[in-house]
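Here's the structure, in structure tokens; my notes come after.
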Amino acid sequence: MLDISRPPPNLNPACNTGMKRMTDRSFTTIENHWITLKDGTRLAARIWMPDNAENDPVPAVFEFLPYRKRDGTSPRDESTYPVFAAAGIAGVRVDIRGSGESDGVIDGEYTELELANACELIAWIAEQPWSNGSVGMMGISWGGFNCLQVAALKPPALKAVISIASTVDRYNDDIHYKNGCHLSAQLSWAATMLGYQSRSPDPAIVGERWREMWLERLEHEPFFMEEWLQHQRRDDFWRHGSICENFAEFDVPAIVIAGWADGYRNTPLLAVEGLGNKAKALIGPWVHKYPHFAWPKPRADFHGEAIAWWNRWLRGDQNGAESIPPVRAYILDAIKPATRRDFDPGFWIAKPEWQKPDMQCFYVEQFGTLMEGMPIPHAPEHPIYLRSPLDTGTASGEWFTLKPDVEMAIDQRLDDAGSLTFQTAPLVEDHDYLGRPVLALTLRCDAETANLCARLVDIHPDGTATRVSFGVLNLAHRNSNAEPEPLSKGERTRVTLTLDACGYRFRKGHRIRLSLSTAYWPMVLPPPEDPGLTIDLASIGLGLPKLGAHDVIDLNQPDNPDPLPKYIEHAPASTKRRVMRDLSAGKTHYEIHEDTGLFEHPGTGLSTRQLREEVWSIAPDDPLSMKGISTWTCDMQRPDWFVRTIATSAISCTATDWIVSASVTAYEGETQIFRKVFEEKRVPRDLM
């Protein structure tokens with residue numbers, strides 16, 4: 001299907017530096033184009049092609065995902081690629097094998113095959129008669145990951161990347177593990193991928209082959225969790241695709257973007273520190289979304305930023321894009337938690353150069369007050385025992401946030417009740433920070449491992465508590481994620497914990513609080529024992545990264561305040577989260593309900609709906625009682641066609657094993673046509 005179109009006239013591709021290439025070129029949307037790889041696999045692409053490109057060749061931006069161009073990412077694709085095409089930049093959005101309408105079956109995350117296919121596709125794009133030979137690669141999350149990984153492989157035609165909500169370290173800054181702690185998002189993501197990859201291709205694209213392709217996927221798609229649990233340490237599996245292993249191998253210019261409300265907030269600063277002037281960091285207040293339609297506001301003119309970047313590196317325009325400051329960040333200004341945050345107060349800053357920041361040091365004095373200064377050397381030990389209820393953490397929100405509601409951290413007083421807290425006196429002046437806080441302390445433990453969580457909290461004059469940053473550590477991983485060591489029971493152990501990056505202003509009259517807990521559930525799954533920790537208060541040192549020299553800047557907002565296309569609503573979306581404490585049974589349940597609603601694409605007539613139901617439970621005094629189950633129901637339909645898949649994944653544990661299982665059931669109309677059960681699998685716990 002061909003669609004000749006122009007972008008709406010109010011989409012102005014300009015960026016805040018004044019660098020812009022103003023065009024209003026007509027373009028064609030090629031709804032599906034087949035690209036055949038050397039191994040014979042046929043991949044499905046959606047292409048936005050500037051008109052007359054064969055006579056006036058253009059650069060191209062490539063995005064390579066398993067999230068289904070036909071329905072899954074179509075709203076965001078349709079918010080951006082038409083704008084690129086109108087600026088004379090082709091967009092090539094390709095589904096990874098086994099996804100959407102592409103042939104085959106997916107074989108995992110960021111595999112060698114996936115990255116090799118990406119390199120082959122980049123070469124294909126560069127060889128087309130409409131291409132000027134220069135390709136950029138872009139994406140958020142999976143696409144943000146693989147564009148960095150592909151760039152490190154140095155395909156000749158790849159000249160620049162824009163990576164959003166991604167990571168340079170797959171072990172510590174993705175949804176699997178964090179400093180040796182097992183994130184519950186790992187099960188959630190395994191269930192998500194099982195649901196997404198079990199969905200049918202669209203018969204309107206692939207024709208009568210659709211059922212054969214669907215059954216092949218259903219039969220052979222992997223349950224990713226089984227593989228991830230085989231690698232509980234930071235081994236070669238996680239080093240693969242982690243560009244921090246060798247930043248020197250990465251030699252293309254990159255804009256790296258993230259949001260403070262997302263789990264991927266560390267990557268921009270790590271990229272600048274590792275890549276130097278090859279990388280530019282942009283960090284806003286956002287959840288896991290593109291900056292031109294992200295929440296909380298303020299947003300950023302992503303289209304203008306991107307077009308200037310592509311024109312500089314894919315066309316050779318001398319527009320000064322290489323002179324963007326290395327770090328631009330939004331400094332949150334004393335925000336308050338809420339059940340929905342549409343706008344976060346703050347201000348944009350630029351750092352003309354980036355170095356690891358100077359630290360403002362704090363210590364805990366004998367009565368528990370957090371004081372500016374360094375801990376007193378050789379002070380007498382001041383032990384305090386901490387053993388948090390195992391359901392401490394229900395105010396944490398989700399690690400991976402998609403909406404500015406209770407997926408984000410809420411008022412921290414709920415979790416502080418189960419924590420050891422230390423706070424300053426009311427501040428006599430504003431304190432501005434940008435970077436990663438660092439905590440050091442000495443502790444004792446009567447088990448081989450335990451988890452430690454630290455939170456940096458802003459206490460407002462009315463007592464409201466806002467989480468600014470947090471970090472978690474499996475204490476067996478205190479010295480190495482690759483070679484963890486059991487704790488020596490009862491012995492004093494010095495520990496350093498680096499918290500997540502933040503950009504924040506603590507206002508005059510507010511207090512800075514340090515909150516420590518031994519649990520952070522359900523975000524972090526508990527270790528096999530719950531011994532508690534004895535912490536030496538006299539040893540606690542907290543370093544907060546000073547903002548330092550900076551320029552206050554204006555960052556252009558998108559011209560279009562509502563850039564996402566409108567689809568036909570047949571059933572509304574809904575979302576619910578609730579915590580249930582069964583006092584009689586001594587159990588806490590955390591329940592998630594997410595319904596995308598049923599929406600029809602007006603151009604294709606395809607309606608889709610996804611329903612996520614997830615429940616976690618734990619007894620506050622028994623780590624082995626932990627259970628989680630996540631179910632995805634995915635519907636696709638037209639008036640004469642309906643298919644559904646139901647994918648369920650579950651996890652529980654013993655003192656020695658993780659126990660996982662999964663199933664996929666598929667329906668055509670009312671008839672069940674397939675069912676597969678991934679039998680219960682026990683995977684030994686590895687100091688976790």
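Scheme for the structure tokens: letters A, B, ... for chains in order shown; per-chain residue numbers from 1; ligand numbers from 1 in order shown.
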
Practice task
For Gly276 (chain A), please output as a list in words all residues within 12 Å (counting only C-alpha atoms; exclusion window: fewer than 6 positions along the same chain).
Solution key: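 So the residues in contact are Phe247, Ala248, Phe250, Asp251, Val252, Pro253, Ala254, Ile255, Pro268, Leu269, Leu270, Pro325, Pro326, Val327, Glu353, Trp354 and Gln355 of chain A.
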
Selection from above, N, CA and C atoms, as a compact mmCIF listing (two decimals), in the first residue's frame, can you write it?
# COMPACT_ATOMS: atom_id res chain seq x y z
N PHE A 247 35.12 1.05 24.98
CA PHE A 247 34.61 2.28 24.39
C PHE A 247 35.42 2.69 23.17
N ALA A 248 36.68 2.29 23.12
CA ALA A 248 37.55 2.70 22.01
C ALA A 248 37.06 2.14 20.68
N PHE A 250 34.16 2.21 19.60
CA PHE A 250 32.99 2.99 19.17
C PHE A 250 33.50 4.31 18.62
N ASP A 251 33.29 4.56 17.32
CA ASP A 251 33.88 5.77 16.76
C ASP A 251 32.93 6.60 15.92
N VAL A 252 31.60 6.47 16.15
CA VAL A 252 30.65 7.32 15.43
C VAL A 252 30.02 8.30 16.42
N PRO A 253 29.64 9.48 15.97
CA PRO A 253 29.00 10.45 16.86
C PRO A 253 27.65 9.92 17.36
N ALA A 254 27.37 10.17 18.63
CA ALA A 254 26.15 9.63 19.25
C ALA A 254 25.51 10.66 20.16
N ILE A 255 24.20 10.86 20.01
CA ILE A 255 23.41 11.54 21.04
C ILE A 255 22.79 10.45 21.89
N PRO A 268 23.40 8.22 29.67
CA PRO A 268 24.00 9.38 29.02
C PRO A 268 25.32 9.83 29.65
N LEU A 269 25.37 9.92 30.97
CA LEU A 269 26.61 10.36 31.60
C LEU A 269 27.71 9.32 31.46
N LEU A 270 27.35 8.03 31.56
CA LEU A 270 28.36 6.99 31.36
C LEU A 270 28.90 7.02 29.94
N PRO A 325 26.83 21.26 23.67
CA PRO A 325 27.53 20.94 24.92
C PRO A 325 27.48 19.44 25.21
N PRO A 326 28.51 18.90 25.82
CA PRO A 326 28.54 17.45 26.05
C PRO A 326 27.43 16.95 26.96
N VAL A 327 26.96 17.78 27.88
CA VAL A 327 25.88 17.37 28.78
C VAL A 327 24.86 18.49 28.86
N GLU A 353 31.85 21.40 29.70
CA GLU A 353 32.69 20.20 29.68
C GLU A 353 32.21 19.29 30.80
N TRP A 354 32.44 17.99 30.62
CA TRP A 354 31.97 17.05 31.64
C TRP A 354 33.15 16.31 32.25
N GLN A 355 33.25 16.43 33.54
CA GLN A 355 34.18 15.62 34.33
C GLN A 355 33.39 15.07 35.50

Practice task
Please identify which residues in region 188-390 of chain A DSSP calls helix (DSSP H, G or I) from the backbone, and express them as a VMD selection string.
Solution key: chain A and resid 188 to 197 203 to 220 224 to 228 236 to 239 243 to 249 267 to 278 302 to 315 321 to 323

Exercise for the section: Please provide the set of residues having any atom within 8 Å of Phe506 (chain A), restricted to only C-alpha atoms, with same-chain residues fewer than 6 positions apart removed, written as number ranges by chain. Expected result: A: 333-334, 430-432, 458, 512

Nearby residues (only C-alpha atoms) at most 7 Å from region 586-591 of chain A, same-chain spacing under 2 positions excluded, as a short mmCIF file (atom, residue, chain, number, x, y, z; two decimals) with C-alpha atoms, in the first residue's frame:
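Everything below was put into out-v6.cif:
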data_model
loop_
_atom_site.label_atom_id
_atom_site.label_comp_id
_atom_site.auth_asym_id
_atom_site.auth_seq_id
_atom_site.Cartn_x
_atom_site.Cartn_y
_atom_site.Cartn_z
CA ASP A 391 7.52 -5.93 51.71
CA ARG A 577 -2.03 -0.77 40.76
CA ARG A 578 -2.80 -1.77 44.29
CA VAL A 579 -1.13 -3.21 47.37
CA MET A 580 -3.12 -5.65 49.49
CA ARG A 581 -1.92 -6.61 52.95
CA ASP A 582 -3.68 -9.69 54.24
CA LEU A 583 -3.10 -9.24 57.96
CA SER A 584 -4.61 -12.58 58.90
CA HIS A 593 -3.49 -4.28 35.68
CA GLU A 614 0.71 -9.28 37.12
CA VAL A 615 0.69 -10.28 40.78
CA TRP A 616 3.60 -10.47 43.25
CA SER A 617 3.24 -11.83 46.77
CA ILE A 618 5.46 -12.24 49.82
CA ALA A 619 5.24 -12.85 53.55
CA PRO A 620 7.07 -9.93 55.22
#

Practice task
Find the residues near Ala338 (chain A): any atom within 12 Å, counting only C-alpha atoms, skip ones fewer than 4 places away on the same chain, and give them as a ChimeraX atom specification.
Solution key: /A:296,342-344,395,397,404-412,464-467

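When only C-alpha atoms are used to measure the gap to Ser517 (chain A), the shortest distance among A:Leu533, A:Ile122, A:Val135, A:Ile629 belongs to A:Leu533.
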
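Proximity ranking of A:Val677, A:Leu420, A:Ala258, A:Met523 relative to Ala329 (chain A) places A:Ala258 first, based on only C-alpha atoms.
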
Practice task
Within 7 Å of Gln557 (chain A), counting only C-alpha atoms, which residues show up once you throw out same-chain ones fewer than 4 positions away? Write them as a ChimeraX atom specification, please.
Solution key: /A:299-301

Exercise for the section: Extract, using only C-alpha atoms, all DNA, RNA and protein residues at most 6 Å from region 59-66 of chain A, discarding same-chain residues fewer than 2 positions from it, and format them as a PyMOL selection string. Expected result: chain A and resi 68+89-96+99+131-132+134-139+143+314
